[in-house]
Amino acid sequence: TAVAVTGSGFRASAQLACRFGTALSPATFVSATKLTCDTPAMAVSDTAVTVAVHVTTNGADYSATSVSFTFQPTAVVQSLAPKFGPSSGGTNVLVTGANFVDSAALACRFGASAASAAVFISATLVRCVAPSAGSVGSLALEVSNNGADFTGSGLQFHFRDAPSVVGLSPVAGPVSGGTAIIVTGVNFTQSETMFCQFGDKAHRAAAVWLTQGALRCTAPARAAGNVTVLVTENEQD
């Protein structure tokens with residue numbers, strides 16, 4: 001990790017270095033008040049380890065004052081839910097993994113897109129919002145605790161064309177439910193999380209994929225009246 005260190009009295013020299021605890025790391029001079037250091041490798045730990053950081057300009061004498069740097073266990077991404085959403089973006093993706101940290105720098109990154117803030121839920125769960133991809137395709141979703149070092153899981157989030165409903169047959173049925181309805185539309189993609197929604201989320205029914213332009217749903221029981229029928233392929237969008 002590249003760390004910017006600010007202070008005073010820094011000068012360019014071949015011995016310029018940072019000391020993280022007892023481990024040395026060469027420093028790059030930026031100005032008399034700023035330099036950068038790459039963190040050294042530390043022993044693998046299941047818990048965070050905080051060390052004092054000192055600076056030397058001659059390899060022998062170290063700064064009387066120090067700052068703290070915390071080495072955290074490496075974050076890991078293990079699964080995504082849902083694994084796909086519309087290319088227009090906006091899908092809330094729950095990322096399951098390990099060693100997530102509740103910090104202001106917690107971030108998600110889809111492919112090479114700019115990182116965006118993540119919502120910390122627990123050390124094993126964060127929420128990310130998919131950006132607009134502009135086109136269909138797949139991008140790796142990675143997480144960073146510090147906004148700089150990202151996971152390297154390679155798990156893909158798939159951007160698809162959003163489904164759209166064009167028509168229903170039949171368009172009416174009894175309030176007791178049970179009517180088999182053929183839903184026609186575009187961009188239907190077969191998935192285990194495909195549902196028809198009759199009005200609100202409380203009235204969802206599993207959909208049977210037939211083709212990219214048709215699927216079958218069984219109407220649920222609900223009060224009399226007209227409702228809008230929507231289709232979701234990921235239980236969200």
# chains A, B, ... in the order shown; residues from 1 in each chain; ligands from 1
>>> closest_atom_pairs(of="stretch 58-77 of chain A", to="stretch 6-24 of chain A", cutoff="12 Å", atoms="only C-alpha atoms", output="tab-separated table")
residue	atom	partner	partner_atom	distance
A:Asn58	CA	A:Gln15	CA	5.0
A:Gly59	CA	A:Gln15	CA	5.1
A:Ala60	CA	A:Gln15	CA	8.7
A:Asp61	CA	A:Gln15	CA	10.4
A:Tyr62	CA	A:Arg19	CA	8.5
A:Ser63	CA	A:Gly9	CA	9.7
A:Ala64	CA	A:Gly7	CA	11.6
A:Thr65	CA	A:Gly7	CA	9.6
A:Ser66	CA	A:Gly7	CA	9.6
A:Val67	CA	A:Phe20	CA	9.6
A:Ser68	CA	A:Phe20	CA	8.7
A:Phe69	CA	A:Phe20	CA	7.7
A:Thr70	CA	A:Phe20	CA	9.7
A:Phe71	CA	A:Phe20	CA	10.0
>>> closest_residue(among="A:Ser138, A:Ser169, A:Thr179, A:Gln72", to="A:Gly85", atoms="only C-alpha atoms")
A:Ser138
>>> residues_around(residues="A:Ile182", least_positions_apart="4", cutoff="8 Å", atoms="only C-alpha atoms", output="list in words")
Leu168, Ser169, Pro170, Ala214, Leu215, Arg216 and Cys217 of chain A
>>> residues_around(residues="A:Gly199", least_positions_apart="4", cutoff="7 Å", atoms="only C-alpha atoms", output="list in words")
His203, Val227, Thr228 and Val229 of chain A
